[in-house]
Every structure is written in C-alpha cells, then in structure tokens.
>>> print(open('final_37.pdb').read())   # PDB, C-alpha atoms, pLDDT in the B column
ATOM      1  CA  MET A  25      41.796  -0.382  35.172  1.00 80.00           C
ATOM      2  CA  THR A  26      41.695  -4.117  34.490  1.00 93.00           C
ATOM      3  CA  ARG A  27      41.227  -4.800  30.793  1.00 97.00           C
ATOM      4  CA  THR A  28      40.067  -7.946  29.047  1.00 98.00           C
ATOM      5  CA  ALA A  29      42.195  -8.601  25.968  1.00 98.00           C
ATOM      6  CA  VAL A  30      41.711 -11.139  23.199  1.00 98.00           C
ATOM      7  CA  ILE A  31      44.751 -12.090  21.143  1.00 98.00           C
ATOM      8  CA  ALA A  32      43.535 -13.879  18.037  1.00 98.00           C
ATOM      9  CA  GLY A  33      46.296 -16.059  16.648  1.00 96.00           C
ATOM     10  CA  VAL A  34      48.814 -16.908  19.371  1.00 97.00           C
ATOM     11  CA  GLY A  35      51.974 -18.850  18.654  1.00 92.00           C
ATOM     12  CA  SER A  36      55.543 -18.818  19.859  1.00 90.00           C
ATOM     13  CA  GLY A  37      57.244 -15.520  19.061  1.00 91.00           C
ATOM     14  CA  LEU A  38      55.323 -12.245  18.965  1.00 96.00           C
ATOM     15  CA  GLY A  39      51.965 -13.771  19.936  1.00 96.00           C
ATOM     16  CA  GLU A  40      53.451 -15.187  23.109  1.00 97.00           C
ATOM     17  CA  SER A  41      55.273 -11.920  23.843  1.00 97.00           C
ATOM     18  CA  LEU A  42      52.027  -9.980  23.474  1.00 98.00           C
ATOM     19  CA  ALA A  43      50.253 -12.298  25.893  1.00 98.00           C
ATOM     20  CA  ARG A  44      53.008 -12.008  28.477  1.00 98.00           C
ATOM     21  CA  ARG A  45      53.269  -8.225  28.203  1.00 98.00           C
ATOM     22  CA  PHE A  46      49.534  -7.657  28.440  1.00 98.00           C
ATOM     23  CA  ALA A  47      49.298  -9.964  31.450  1.00 98.00           C
ATOM     24  CA  ALA A  48      52.208  -8.187  33.144  1.00 98.00           C
ATOM     25  CA  GLU A  49      50.212  -4.973  32.766  1.00 97.00           C
ATOM     26  CA  GLY A  50      47.304  -6.568  34.607  1.00 98.00           C
ATOM     27  CA  CYS A  51      45.113  -7.671  31.707  1.00 98.00           C
ATOM     28  CA  ARG A  52      42.911 -10.724  31.641  1.00 98.00           C
ATOM     29  CA  VAL A  53      44.208 -12.308  28.450  1.00 98.00           C
ATOM     30  CA  ALA A  54      42.238 -14.711  26.275  1.00 98.00           C
ATOM     31  CA  LEU A  55      44.374 -16.692  23.835  1.00 98.00           C
ATOM     32  CA  PHE A  56      42.794 -17.844  20.554  1.00 98.00           C
ATOM     33  CA  ALA A  57      44.620 -20.458  18.477  1.00 97.00           C
ATOM     34  CA  ARG A  58      44.128 -23.932  17.061  1.00 94.00           C
ATOM     35  CA  THR A  59      47.037 -25.402  19.034  1.00 92.00           C
ATOM     36  CA  ALA A  60      45.312 -26.150  22.325  1.00 96.00           C
ATOM     37  CA  ASP A  61      48.318 -27.560  24.184  1.00 97.00           C
ATOM     38  CA  PHE A  62      50.464 -24.501  23.517  1.00 97.00           C
ATOM     39  CA  ILE A  63      47.941 -21.883  24.570  1.00 98.00           C
ATOM     40  CA  GLU A  64      46.879 -23.879  27.631  1.00 98.00           C
ATOM     41  CA  GLU A  65      50.493 -24.015  28.832  1.00 98.00           C
ATOM     42  CA  LEU A  66      50.977 -20.323  28.062  1.00 98.00           C
ATOM     43  CA  ALA A  67      47.757 -19.300  29.819  1.00 98.00           C
ATOM     44  CA  ALA A  68      48.909 -21.130  32.949  1.00 98.00           C
ATOM     45  CA  ASP A  69      52.343 -19.487  32.793  1.00 98.00           C
ATOM     46  CA  LEU A  70      51.377 -15.842  32.245  1.00 98.00           C
ATOM     47  CA  PRO A  71      52.939 -13.378  34.679  1.00 97.00           C
ATOM     48  CA  GLU A  72      50.973 -11.821  37.514  1.00 96.00           C
ATOM     49  CA  PRO A  73      48.897  -9.781  38.026  1.00 97.00           C
ATOM     50  CA  GLY A  74      47.249 -10.888  34.786  1.00 97.00           C
ATOM     51  CA  GLU A  75      45.118 -13.950  34.183  1.00 97.00           C
ATOM     52  CA  GLY A  76      45.135 -16.241  31.179  1.00 98.00           C
ATOM     53  CA  LEU A  77      42.386 -18.138  29.393  1.00 98.00           C
ATOM     54  CA  ALA A  78      43.077 -20.602  26.596  1.00 98.00           C
ATOM     55  CA  VAL A  79      40.305 -20.644  23.993  1.00 98.00           C
ATOM     56  CA  PRO A  80      41.117 -23.240  21.317  1.00 98.00           C
ATOM     57  CA  THR A  81      39.665 -21.686  18.168  1.00 97.00           C
ATOM     58  CA  ASP A  82      39.973 -22.239  14.454  1.00 96.00           C
ATOM     59  CA  LEU A  83      39.894 -18.688  13.112  1.00 97.00           C
ATOM     60  CA  ARG A  84      38.597 -19.992   9.782  1.00 96.00           C
ATOM     61  CA  ASP A  85      35.392 -21.076  11.533  1.00 97.00           C
ATOM     62  CA  VAL A  86      32.891 -18.244  12.021  1.00 98.00           C
ATOM     63  CA  GLU A  87      30.789 -20.024  14.636  1.00 98.00           C
ATOM     64  CA  ALA A  88      33.885 -21.133  16.549  1.00 98.00           C
ATOM     65  CA  ILE A  89      35.015 -17.501  16.777  1.00 98.00           C
ATOM     66  CA  ARG A  90      31.632 -16.381  18.086  1.00 98.00           C
ATOM     67  CA  GLU A  91      31.607 -19.196  20.627  1.00 98.00           C
ATOM     68  CA  GLY A  92      35.125 -18.215  21.666  1.00 98.00           C
ATOM     69  CA  PHE A  93      34.028 -14.667  22.437  1.00 98.00           C
ATOM     70  CA  ASP A  94      31.070 -16.019  24.404  1.00 98.00           C
ATOM     71  CA  THR A  95      33.545 -18.069  26.448  1.00 98.00           C
ATOM     72  CA  VAL A  96      35.648 -14.972  27.128  1.00 98.00           C
ATOM     73  CA  ARG A  97      32.621 -12.953  28.229  1.00 98.00           C
ATOM     74  CA  ALA A  98      31.463 -15.717  30.565  1.00 98.00           C
ATOM     75  CA  GLU A  99      34.906 -15.929  32.171  1.00 98.00           C
ATOM     76  CA  PHE A 100      36.245 -12.359  32.023  1.00 98.00           C
ATOM     77  CA  GLY A 101      33.399 -10.066  30.959  1.00 97.00           C
ATOM     78  CA  SER A 102      33.226  -7.794  27.919  1.00 98.00           C
ATOM     79  CA  VAL A 103      36.243  -7.319  25.667  1.00 98.00           C
ATOM     80  CA  ASP A 104      38.296  -4.122  25.920  1.00 98.00           C
ATOM     81  CA  VAL A 105      41.207  -4.984  23.629  1.00 98.00           C
ATOM     82  CA  LEU A 106      41.468  -7.112  20.498  1.00 98.00           C
ATOM     83  CA  VAL A 107      44.654  -7.971  18.649  1.00 98.00           C
ATOM     84  CA  ASN A 108      43.993  -9.457  15.213  1.00 98.00           C
ATOM     85  CA  HIS A 109      47.294 -11.264  14.967  1.00 97.00           C
ATOM     86  CA  ALA A 110      46.519 -14.360  12.892  1.00 95.00           C
ATOM     87  CA  SER A 111      47.602 -14.846   9.317  1.00 89.00           C
ATOM     88  CA  GLY A 112      47.890 -17.689   6.856  1.00 83.00           C
ATOM     89  CA  ALA A 113      49.654 -18.040   3.534  1.00 78.00           C
ATOM     90  CA  SER A 114      51.025 -20.571   1.093  1.00 78.00           C
ATOM     91  CA  TRP A 115      53.966 -18.293   0.132  1.00 85.00           C
ATOM     92  CA  LYS A 116      53.373 -18.903  -3.560  1.00 93.00           C
ATOM     93  CA  GLY A 117      52.851 -16.697  -6.565  1.00 94.00           C
ATOM     94  CA  LEU A 118      49.801 -16.422  -8.804  1.00 95.00           C
ATOM     95  CA  MET A 119      50.398 -19.359 -11.115  1.00 96.00           C
ATOM     96  CA  ASP A 120      51.450 -21.755  -8.355  1.00 95.00           C
ATOM     97  CA  SER A 121      48.626 -20.919  -5.932  1.00 95.00           C
ATOM     98  CA  SER A 122      45.404 -22.876  -5.830  1.00 95.00           C
ATOM     99  CA  VAL A 123      42.027 -21.320  -5.159  1.00 96.00           C
ATOM    100  CA  GLU A 124      41.922 -23.263  -1.894  1.00 94.00           C
ATOM    101  CA  GLU A 125      45.253 -21.814  -0.766  1.00 94.00           C
ATOM    102  CA  PHE A 126      44.154 -18.296  -1.643  1.00 94.00           C
ATOM    103  CA  GLU A 127      40.853 -18.690   0.185  1.00 95.00           C
ATOM    104  CA  GLY A 128      42.609 -20.207   3.207  1.00 94.00           C
ATOM    105  CA  ALA A 129      44.703 -17.077   3.710  1.00 94.00           C
ATOM    106  CA  TRP A 130      41.648 -14.861   3.345  1.00 93.00           C
ATOM    107  CA  GLU A 131      39.572 -16.993   5.739  1.00 96.00           C
ATOM    108  CA  VAL A 132      42.101 -16.384   8.524  1.00 95.00           C
ATOM    109  CA  GLY A 133      43.441 -12.890   7.881  1.00 94.00           C
ATOM    110  CA  GLY A 134      40.353 -11.416   6.263  1.00 95.00           C
ATOM    111  CA  ARG A 135      37.108 -13.018   7.340  1.00 97.00           C
ATOM    112  CA  GLY A 136      38.486 -14.188  10.702  1.00 97.00           C
ATOM    113  CA  ALA A 137      39.638 -10.674  11.575  1.00 97.00           C
ATOM    114  CA  PHE A 138      36.283  -9.289  10.428  1.00 98.00           C
ATOM    115  CA  VAL A 139      34.312 -11.614  12.732  1.00 98.00           C
ATOM    116  CA  CYS A 140      36.666 -11.014  15.676  1.00 98.00           C
ATOM    117  CA  SER A 141      36.413  -7.252  15.174  1.00 98.00           C
ATOM    118  CA  LYS A 142      32.637  -7.329  14.981  1.00 98.00           C
ATOM    119  CA  GLU A 143      32.424  -9.275  18.240  1.00 98.00           C
ATOM    120  CA  ALA A 144      34.927  -7.083  20.074  1.00 98.00           C
ATOM    121  CA  VAL A 145      33.740  -3.702  18.804  1.00 98.00           C
ATOM    122  CA  GLY A 146      30.187  -4.590  19.840  1.00 98.00           C
ATOM    123  CA  ASP A 147      31.441  -4.952  23.406  1.00 98.00           C
ATOM    124  CA  MET A 148      33.474  -1.752  23.192  1.00 97.00           C
ATOM    125  CA  LEU A 149      30.526   0.322  22.020  1.00 97.00           C
ATOM    126  CA  ASP A 150      28.502  -0.902  24.989  1.00 97.00           C
ATOM    127  CA  SER A 151      31.291  -0.121  27.459  1.00 96.00           C
ATOM    128  CA  GLY A 152      32.456   3.248  26.155  1.00 93.00           C
ATOM    129  CA  GLY A 153      35.475   2.348  24.034  1.00 94.00           C
ATOM    130  CA  GLY A 154      38.427   0.078  23.565  1.00 96.00           C
ATOM    131  CA  THR A 155      41.327  -0.798  21.294  1.00 96.00           C
ATOM    132  CA  VAL A 156      41.601  -2.955  18.172  1.00 97.00           C
ATOM    133  CA  ILE A 157      45.060  -3.649  16.779  1.00 98.00           C
ATOM    134  CA  PHE A 158      45.760  -5.371  13.472  1.00 98.00           C
ATOM    135  CA  THR A 159      49.146  -6.993  12.914  1.00 97.00           C
ATOM    136  CA  GLY A 160      50.232  -6.061   9.418  1.00 94.00           C
ATOM    137  CA  ALA A 161      53.327  -6.655   7.343  1.00 90.00           C
ATOM    138  CA  THR A 162      55.373  -5.016   4.621  1.00 87.00           C
ATOM    139  CA  SER A 163      53.054  -6.814   2.192  1.00 87.00           C
ATOM    140  CA  ALA A 164      50.122  -4.789   3.555  1.00 88.00           C
ATOM    141  CA  VAL A 165      51.555  -1.625   1.988  1.00 87.00           C
ATOM    142  CA  ARG A 166      53.892  -2.882  -0.738  1.00 85.00           C
ATOM    143  CA  SER A 167      53.785  -6.254  -2.424  1.00 82.00           C
ATOM    144  CA  LEU A 168      57.021  -8.200  -2.396  1.00 79.00           C
ATOM    145  CA  GLY A 169      55.923 -10.396  -5.295  1.00 86.00           C
ATOM    146  CA  GLY A 170      55.314 -14.125  -5.226  1.00 89.00           C
ATOM    147  CA  THR A 171      53.144 -14.230  -2.094  1.00 91.00           C
ATOM    148  CA  ILE A 172      49.776 -13.387  -3.552  1.00 94.00           C
ATOM    149  CA  SER A 173      47.493 -14.942  -0.930  1.00 94.00           C
ATOM    150  CA  PHE A 174      49.392 -13.406   1.998  1.00 93.00           C
ATOM    151  CA  THR A 175      49.527 -10.002   0.297  1.00 93.00           C
ATOM    152  CA  ALA A 176      45.832  -9.998  -0.560  1.00 94.00           C
ATOM    153  CA  ALA A 177      44.851 -10.958   2.996  1.00 94.00           C
ATOM    154  CA  LYS A 178      47.124  -8.315   4.517  1.00 94.00           C
ATOM    155  CA  PHE A 179      45.795  -5.598   2.190  1.00 94.00           C
ATOM    156  CA  ALA A 180      42.271  -6.630   3.203  1.00 94.00           C
ATOM    157  CA  ALA A 181      43.122  -6.409   6.901  1.00 95.00           C
ATOM    158  CA  ARG A 182      44.646  -2.956   6.487  1.00 96.00           C
ATOM    159  CA  GLY A 183      41.543  -1.776   4.661  1.00 96.00           C
ATOM    160  CA  MET A 184      39.301  -3.119   7.414  1.00 97.00           C
ATOM    161  CA  ALA A 185      41.416  -1.437  10.063  1.00 97.00           C
ATOM    162  CA  MET A 186      41.136   1.877   8.267  1.00 96.00           C
ATOM    163  CA  ASP A 187      37.396   1.558   7.826  1.00 96.00           C
ATOM    164  CA  ILE A 188      36.746   0.567  11.446  1.00 97.00           C
ATOM    165  CA  ALA A 189      38.946   3.433  12.632  1.00 95.00           C
ATOM    166  CA  GLN A 190      36.973   5.964  10.633  1.00 94.00           C
ATOM    167  CA  GLU A 191      33.598   4.566  11.622  1.00 96.00           C
ATOM    168  CA  PHE A 192      34.149   4.028  15.331  1.00 95.00           C
ATOM    169  CA  GLY A 193      37.036   6.300  16.309  1.00 93.00           C
ATOM    170  CA  PRO A 194      34.607   9.094  17.244  1.00 92.00           C
ATOM    171  CA  GLU A 195      32.894   6.619  19.587  1.00 93.00           C
ATOM    172  CA  GLY A 196      36.055   5.845  21.513  1.00 92.00           C
ATOM    173  CA  VAL A 197      37.301   2.771  19.676  1.00 95.00           C
ATOM    174  CA  HIS A 198      40.989   3.204  18.901  1.00 95.00           C
ATOM    175  CA  VAL A 199      42.059   1.157  15.879  1.00 96.00           C
ATOM    176  CA  ALA A 200      45.697   0.746  14.913  1.00 96.00           C
ATOM    177  CA  HIS A 201      47.506  -1.117  12.150  1.00 96.00           C
ATOM    178  CA  VAL A 202      51.050  -2.258  12.931  1.00 96.00           C
ATOM    179  CA  VAL A 203      53.287  -2.761   9.912  1.00 94.00           C
ATOM    180  CA  ILE A 204      55.978  -5.273  10.798  1.00 91.00           C
ATOM    181  CA  ASP A 205      58.804  -4.388   8.464  1.00 86.00           C
ATOM    182  CA  GLY A 206      61.404  -7.075   9.115  1.00 81.00           C
ATOM    183  CA  GLN A 207      61.918 -10.631  10.322  1.00 83.00           C
ATOM    184  CA  ILE A 208      60.653 -11.386  13.824  1.00 85.00           C
ATOM    185  CA  ASP A 209      63.148 -13.272  15.943  1.00 83.00           C
ATOM    186  CA  GLY A 210      61.866 -16.442  17.527  1.00 76.00           C
ATOM    187  CA  PRO A 211      62.254 -20.213  17.672  1.00 73.00           C
ATOM    188  CA  ASN A 212      64.432 -21.351  14.749  1.00 77.00           C
ATOM    189  CA  ALA A 213      64.168 -17.975  12.993  1.00 75.00           C
ATOM    190  CA  ARG A 214      67.908 -17.563  12.628  1.00 80.00           C
ATOM    191  CA  GLU A 215      68.281 -21.119  11.381  1.00 77.00           C
ATOM    192  CA  ARG A 216      65.554 -20.556   8.776  1.00 75.00           C
ATOM    193  CA  PHE A 217      67.165 -17.315   7.583  1.00 77.00           C
ATOM    194  CA  PRO A 218      70.907 -17.928   7.902  1.00 79.00           C
ATOM    195  CA  ASP A 219      71.805 -15.220   5.364  1.00 76.00           C
ATOM    196  CA  ARG A 220      70.115 -12.402   7.294  1.00 77.00           C
ATOM    197  CA  SER A 221      72.253 -10.062   9.345  1.00 75.00           C
ATOM    198  CA  GLU A 222      71.629 -10.212  13.089  1.00 75.00           C
ATOM    199  CA  ASP A 223      70.825  -6.502  12.981  1.00 74.00           C
ATOM    200  CA  THR A 224      67.725  -7.153  10.875  1.00 77.00           C
ATOM    201  CA  PHE A 225      65.901  -9.423  13.357  1.00 87.00           C
ATOM    202  CA  LEU A 226      63.149  -7.837  15.443  1.00 92.00           C
ATOM    203  CA  ASP A 227      62.863  -8.611  19.157  1.00 92.00           C
ATOM    204  CA  PRO A 228      59.278  -9.785  19.876  1.00 94.00           C
ATOM    205  CA  ASP A 229      59.399  -8.576  23.486  1.00 95.00           C
ATOM    206  CA  GLU A 230      60.319  -5.067  22.366  1.00 95.00           C
ATOM    207  CA  MET A 231      57.600  -5.207  19.705  1.00 96.00           C
ATOM    208  CA  ALA A 232      55.052  -6.134  22.377  1.00 97.00           C
ATOM    209  CA  GLU A 233      55.876  -2.866  24.150  1.00 96.00           C
ATOM    210  CA  THR A 234      54.758  -0.946  21.070  1.00 95.00           C
ATOM    211  CA  TYR A 235      51.450  -2.800  21.046  1.00 97.00           C
ATOM    212  CA  TRP A 236      50.913  -2.026  24.719  1.00 97.00           C
ATOM    213  CA  HIS A 237      51.632   1.672  24.168  1.00 94.00           C
ATOM    214  CA  LEU A 238      48.894   1.653  21.522  1.00 95.00           C
ATOM    215  CA  VAL A 239      46.467   0.236  24.086  1.00 94.00           C
ATOM    216  CA  GLU A 240      47.377   2.967  26.551  1.00 91.00           C
ATOM    217  CA  GLN A 241      47.130   5.729  23.934  1.00 79.00           C
ATOM    218  CA  ASP A 242      43.471   6.525  24.366  1.00 61.00           C
ATOM    219  CA  ALA A 243      43.445  10.312  23.889  1.00 63.00           C
ATOM    220  CA  ILE A 244      41.227  10.948  20.875  1.00 58.00           C
ATOM    221  CA  ASP A 245      43.381  13.764  19.506  1.00 61.00           C
ATOM    222  CA  THR A 246      46.627  11.746  19.549  1.00 62.00           C
ATOM    223  CA  MET A 247      45.530   8.266  18.473  1.00 66.00           C
ATOM    224  CA  PRO A 248      48.006   6.874  15.943  1.00 76.00           C
ATOM    225  CA  PHE A 249      46.497   4.737  13.198  1.00 89.00           C
ATOM    226  CA  GLU A 250      49.541   3.184  11.547  1.00 91.00           C
ATOM    227  CA  VAL A 251      52.804   2.323  13.241  1.00 91.00           C
ATOM    228  CA  HIS A 252      55.802   0.806  11.462  1.00 89.00           C
ATOM    229  CA  ILE A 253      58.084  -1.473  13.450  1.00 91.00           C
ATOM    230  CA  THR A 254      61.386  -1.689  11.604  1.00 85.00           C
ATOM    231  CA  ASN A 255      64.962  -2.657  12.244  1.00 75.00           C
ATOM    232  CA  GLY A 256      66.001   0.983  12.255  1.00 58.00           C
ATOM    233  CA  PRO A 257      68.876   2.112  10.028  1.00 53.00           C
ATOM    234  CA  GLN A 258      69.339  -1.483   8.887  1.00 49.00           C
ATOM    235  CA  ASN A 259      65.778  -1.567   7.608  1.00 48.00           C
ATOM    236  CA  THR A 260      65.745  -3.705   4.460  1.00 49.00           C
ATOM    237  CA  GLU A 261      62.154  -4.541   3.661  1.00 49.00           C
ATOM    238  CA  PHE A 262      61.074  -1.232   2.099  1.00 48.00           C
ATOM    239  CA  LEU A 263      64.236  -0.769   0.019  1.00 42.00           C
TER     240      LEU A 263
END
>>> encode(input="final_37.pdb", output="structure tokens")
Amino acid sequence: MTRTAVIAGVGSGLGESLARRFAAEGCRVALFARTADFIEELAADLPEPGEGLAVPTDLRDVEAIREGFDTVRAEFGSVDVLVNHASGASWKGLMDSSVEEFEGAWEVGGRGAFVCSKEAVGDMLDSGGGTVIFTGATSAVRSLGGTISFTAAKFAARGMAMDIAQEFGPEGVHVAHVVIDGQIDGPNARERFPDRSEDTFLDPDEMAETYWHLVEQDAIDTMPFEVHITNGPQNTEFL
C-alpha cells in the first residue's frame, strides 16, 4: 500500500529522519516548513521508492496550511498519515515571556496542529482510516520550569491528540503521542550541550523507526496511544 504522508515541521534532525524513513518505506512524503531551500533539497534527495514534495508553509498561517494540503492532494491524493512535528518556543519563564512569544508557540504547536489534523482526518474519514502522530516532549507530561510557552503548547497538543484518538479511533484513525524524553542528536547538538553524556543523546534515525512502527500498527485492539522515547537506563529527563 502506497501511503501519502504529511510531515508538518521539517528541519534537520528528526524531521529529516522521518522523511527519509517514510520514503524508504514507499510513502509519498509532503514536507511542510518555512525554510523552502532545505525542504526542496530534501524532497529531491529522498530515498526510493518514495517520492518527495516540498510545500513551503508557515504553520502559523491557517490559510497557508489549508493551501498546503490542497497542494498535496493535487499532487499525491488524499492524506493517509500526518505527523504534527512542529513546535516553537522562546525558552523563557513566566515573567520574562511576552504575550507575543507565548502566542507564537501556541500558533505553531497548538493551532497549527489543530488545522493540520482537521485537514488530514477529513481525508482519512473519507478513505477508511489513517494515522496521526503528535511529537511531544517531557514538557507535555511534566513541566521542567522556565519554559512556559513551550510547555503550554505541548500540553495543548497532547490534549488534542487524546481527544482526536477518542473521537475517531473507532472510525479507523490511529492517533499517537510520542513523548521525546531526552536530547535529540543532530547538527551542532553536542556542541550546544557539551555537559551532556553521550549516552543521553537520542539517535533521530532510530527514533524514526518508532514513528514508522506506529504507522504500521493499525490493528484496532493493539493501537498504542502514548509512546515514550528515552535514553534507556541513562534516562535523565523524568528524574
């Protein structure tokens, strides 16, 4: 079965790994991000047998998201898989955060994911089912303190995932929330976090395998809702 997948929020690191893994499994992969040059290069370089489509999209812009899904449908057909992967944050606490910074995080991780989900689930209901995956974080289940906009947006996304799962699971839409409990390895990650042990970095290619297994897990009686990706016995984020 050839699936059409939308990855909303693609950058270097896990977003790129997801695109490459899904394409390697034969998906037609639409890449949503503001950075047009990056996603155009990635779309052209995806592994066979998949196909790539760069859809430059500001996920804060409701109409741009809707137009992006129209572009995907015109090129690839209806959407079978959505990964709500985008997030935004100022990494500040309550007293240092402006209203604009707070709203910016919500516009991407909250409202943007809502609009993407509405577009994708509409297709899935017409075609008999599909998969929606939300990328979460430790802050989606336990606040770390001092990152109020990021935490609020991630809590909102987790709540949406839970609600969509309960509403549309019986109709064949599998919804999963992935809690990323650790630091994702990627460009300059080790330089930015020099005090972290190597054992605590998460491999984005291995993480992408977990996402793909969630896409393949379509048996109604065994659908997982929440999956935690951690650094195993060296897990530090929940301690």
>>> residues_around(input="final_37.pdb", residues="Gly37 in chain A", least_positions_apart="3", cutoff="10 Å", atoms="only C-alpha atoms", output="list in words")
Val34, Glu40, Ser41, Leu42, Ile208, Asp209, Gly210, Pro211, Ala213, Asp227, Pro228 and Asp229 of chain A
>>> write_last_selection(input="final_37.pdb", atoms="C-alpha atoms", output="mmCIF file, in the frame of the given file")
data_model
loop_
_atom_site.group_PDB
_atom_site.id
_atom_site.type_symbol
_atom_site.label_atom_id
_atom_site.label_comp_id
_atom_site.auth_asym_id
_atom_site.auth_seq_id
_atom_site.Cartn_x
_atom_site.Cartn_y
_atom_site.Cartn_z
ATOM 1 C CA VAL A 34 48.814 -16.908 19.371
ATOM 2 C CA GLU A 40 53.451 -15.187 23.109
ATOM 3 C CA SER A 41 55.273 -11.920 23.843
ATOM 4 C CA LEU A 42 52.027 -9.980 23.474
ATOM 5 C CA ILE A 208 60.653 -11.386 13.824
ATOM 6 C CA ASP A 209 63.148 -13.272 15.943
ATOM 7 C CA GLY A 210 61.866 -16.442 17.527
ATOM 8 C CA PRO A 211 62.254 -20.213 17.672
ATOM 9 C CA ALA A 213 64.168 -17.975 12.993
ATOM 10 C CA ASP A 227 62.863 -8.611 19.157
ATOM 11 C CA PRO A 228 59.278 -9.785 19.876
ATOM 12 C CA ASP A 229 59.399 -8.576 23.486
#
>>> closest_residue(input="final_37.pdb", among="A:Asp205, A:Asp147, A:Asp223, A:Glu215", to="Gly101 in chain A", atoms="only C-alpha atoms")
A:Asp147
>>> closest_residue(input="final_37.pdb", among="A:Gln241, A:Thr234, A:Thr28, A:Thr224", to="Asn255 in chain A", atoms="only C-alpha atoms")
A:Thr224
>>> resolve_selection(input="final_37.pdb", expression="the PyMOL selection byres ((chain A and resi 93) around 9)", output="list in words")
Val30, Val79, Ala88, Ile89, Arg90, Glu91, Gly92, Asp94, Thr95, Val96, Arg97, Ala98, Ser102, Val103, Cys140, Glu143 and Ala144 of chain A
>>> resolve_selection(input="final_37.pdb", expression="the PyMOL selection byres ((chain A and resi 184-192) around 10)", output="JSON, numbers by chain")
{"A": [108, 134, 137, 138, 141, 142, 145, 148, 149, 153, 155, 156, 157, 158, 159, 160, 178, 179, 180, 181, 182, 183, 193, 194, 195, 196, 197, 198, 199, 200, 201, 249, 250]}
>>> write_last_selection(input="final_37.pdb", atoms="C-alpha atoms", output="mmCIF file, keeping the file's coordinate frame")
data_model
loop_
_atom_site.group_PDB
_atom_site.id
_atom_site.type_symbol
_atom_site.label_atom_id
_atom_site.label_comp_id
_atom_site.auth_asym_id
_atom_site.auth_seq_id
_atom_site.Cartn_x
_atom_site.Cartn_y
_atom_site.Cartn_z
ATOM 1 C CA ASN A 108 43.993 -9.457 15.213
ATOM 2 C CA GLY A 134 40.353 -11.416 6.263
ATOM 3 C CA ALA A 137 39.638 -10.674 11.575
ATOM 4 C CA PHE A 138 36.283 -9.289 10.428
ATOM 5 C CA SER A 141 36.413 -7.252 15.174
ATOM 6 C CA LYS A 142 32.637 -7.329 14.981
ATOM 7 C CA VAL A 145 33.740 -3.702 18.804
ATOM 8 C CA MET A 148 33.474 -1.752 23.192
ATOM 9 C CA LEU A 149 30.526 0.322 22.020
ATOM 10 C CA GLY A 153 35.475 2.348 24.034
ATOM 11 C CA THR A 155 41.327 -0.798 21.294
ATOM 12 C CA VAL A 156 41.601 -2.955 18.172
ATOM 13 C CA ILE A 157 45.060 -3.649 16.779
ATOM 14 C CA PHE A 158 45.760 -5.371 13.472
ATOM 15 C CA THR A 159 49.146 -6.993 12.914
ATOM 16 C CA GLY A 160 50.232 -6.061 9.418
ATOM 17 C CA LYS A 178 47.124 -8.315 4.517
ATOM 18 C CA PHE A 179 45.795 -5.598 2.190
ATOM 19 C CA ALA A 180 42.271 -6.630 3.203
ATOM 20 C CA ALA A 181 43.122 -6.409 6.901
ATOM 21 C CA ARG A 182 44.646 -2.956 6.487
ATOM 22 C CA GLY A 183 41.543 -1.776 4.661
ATOM 23 C CA GLY A 193 37.036 6.300 16.309
ATOM 24 C CA PRO A 194 34.607 9.094 17.244
ATOM 25 C CA GLU A 195 32.894 6.619 19.587
ATOM 26 C CA GLY A 196 36.055 5.845 21.513
ATOM 27 C CA VAL A 197 37.301 2.771 19.676
ATOM 28 C CA HIS A 198 40.989 3.204 18.901
ATOM 29 C CA VAL A 199 42.059 1.157 15.879
ATOM 30 C CA ALA A 200 45.697 0.746 14.913
ATOM 31 C CA HIS A 201 47.506 -1.117 12.150
ATOM 32 C CA PHE A 249 46.497 4.737 13.198
ATOM 33 C CA GLU A 250 49.541 3.184 11.547
#
>>> residues_around(input="final_37.pdb", residues="range 62-66 of chain A", least_positions_apart="5", cutoff="12 Å", atoms="only C-alpha atoms", output="PDB file with C-alpha atoms, in the frame of the given file")
ATOM      1  CA  ILE A  31      44.751 -12.090  21.143  1.00 98.00           C
ATOM      2  CA  ALA A  32      43.535 -13.879  18.037  1.00 98.00           C
ATOM      3  CA  GLY A  33      46.296 -16.059  16.648  1.00 96.00           C
ATOM      4  CA  VAL A  34      48.814 -16.908  19.371  1.00 97.00           C
ATOM      5  CA  GLY A  35      51.974 -18.850  18.654  1.00 92.00           C
ATOM      6  CA  SER A  36      55.543 -18.818  19.859  1.00 90.00           C
ATOM      7  CA  GLY A  37      57.244 -15.520  19.061  1.00 91.00           C
ATOM      8  CA  GLY A  39      51.965 -13.771  19.936  1.00 96.00           C
ATOM      9  CA  GLU A  40      53.451 -15.187  23.109  1.00 97.00           C
ATOM     10  CA  SER A  41      55.273 -11.920  23.843  1.00 97.00           C
ATOM     11  CA  LEU A  42      52.027  -9.980  23.474  1.00 98.00           C
ATOM     12  CA  ALA A  43      50.253 -12.298  25.893  1.00 98.00           C
ATOM     13  CA  ARG A  44      53.008 -12.008  28.477  1.00 98.00           C
ATOM     14  CA  ALA A  47      49.298  -9.964  31.450  1.00 98.00           C
ATOM     15  CA  VAL A  53      44.208 -12.308  28.450  1.00 98.00           C
ATOM     16  CA  ALA A  54      42.238 -14.711  26.275  1.00 98.00           C
ATOM     17  CA  LEU A  55      44.374 -16.692  23.835  1.00 98.00           C
ATOM     18  CA  PHE A  56      42.794 -17.844  20.554  1.00 98.00           C
ATOM     19  CA  ALA A  57      44.620 -20.458  18.477  1.00 97.00           C
ATOM     20  CA  PRO A  71      52.939 -13.378  34.679  1.00 97.00           C
ATOM     21  CA  GLU A  75      45.118 -13.950  34.183  1.00 97.00           C
ATOM     22  CA  GLY A  76      45.135 -16.241  31.179  1.00 98.00           C
ATOM     23  CA  LEU A  77      42.386 -18.138  29.393  1.00 98.00           C
ATOM     24  CA  ALA A  78      43.077 -20.602  26.596  1.00 98.00           C
ATOM     25  CA  VAL A  79      40.305 -20.644  23.993  1.00 98.00           C
ATOM     26  CA  PRO A  80      41.117 -23.240  21.317  1.00 98.00           C
ATOM     27  CA  THR A  81      39.665 -21.686  18.168  1.00 97.00           C
TER      28      THR A  81
END
>>> atom_distance(input="final_37.pdb", atom1="CA of Arg214 in chain A", atom2="CA of Trp115 in chain A")
18.7 Å
>>> residues_near_point(input="final_37.pdb", point="(50.0, -15.3, 5.1)", cutoff="12 Å", atoms="all atoms listed in the file", output="ChimeraX atom specification")
/A:109-116,125-134,159-164,170-181
>>> closest_residue(input="final_37.pdb", among="A:Phe46, A:Gly117, A:Ala29, A:Ser151", to="Trp236 in chain A", atoms="all atoms listed in the file")
A:Phe46
>>> atom_distance(input="final_37.pdb", atom1="CA of His252 in chain A", atom2="CA of Met231 in chain A")
10.4 Å
>>> atom_distance(input="final_37.pdb", atom1="CA of Arg58 in chain A", atom2="CA of Leu83 in chain A")
7.8 Å
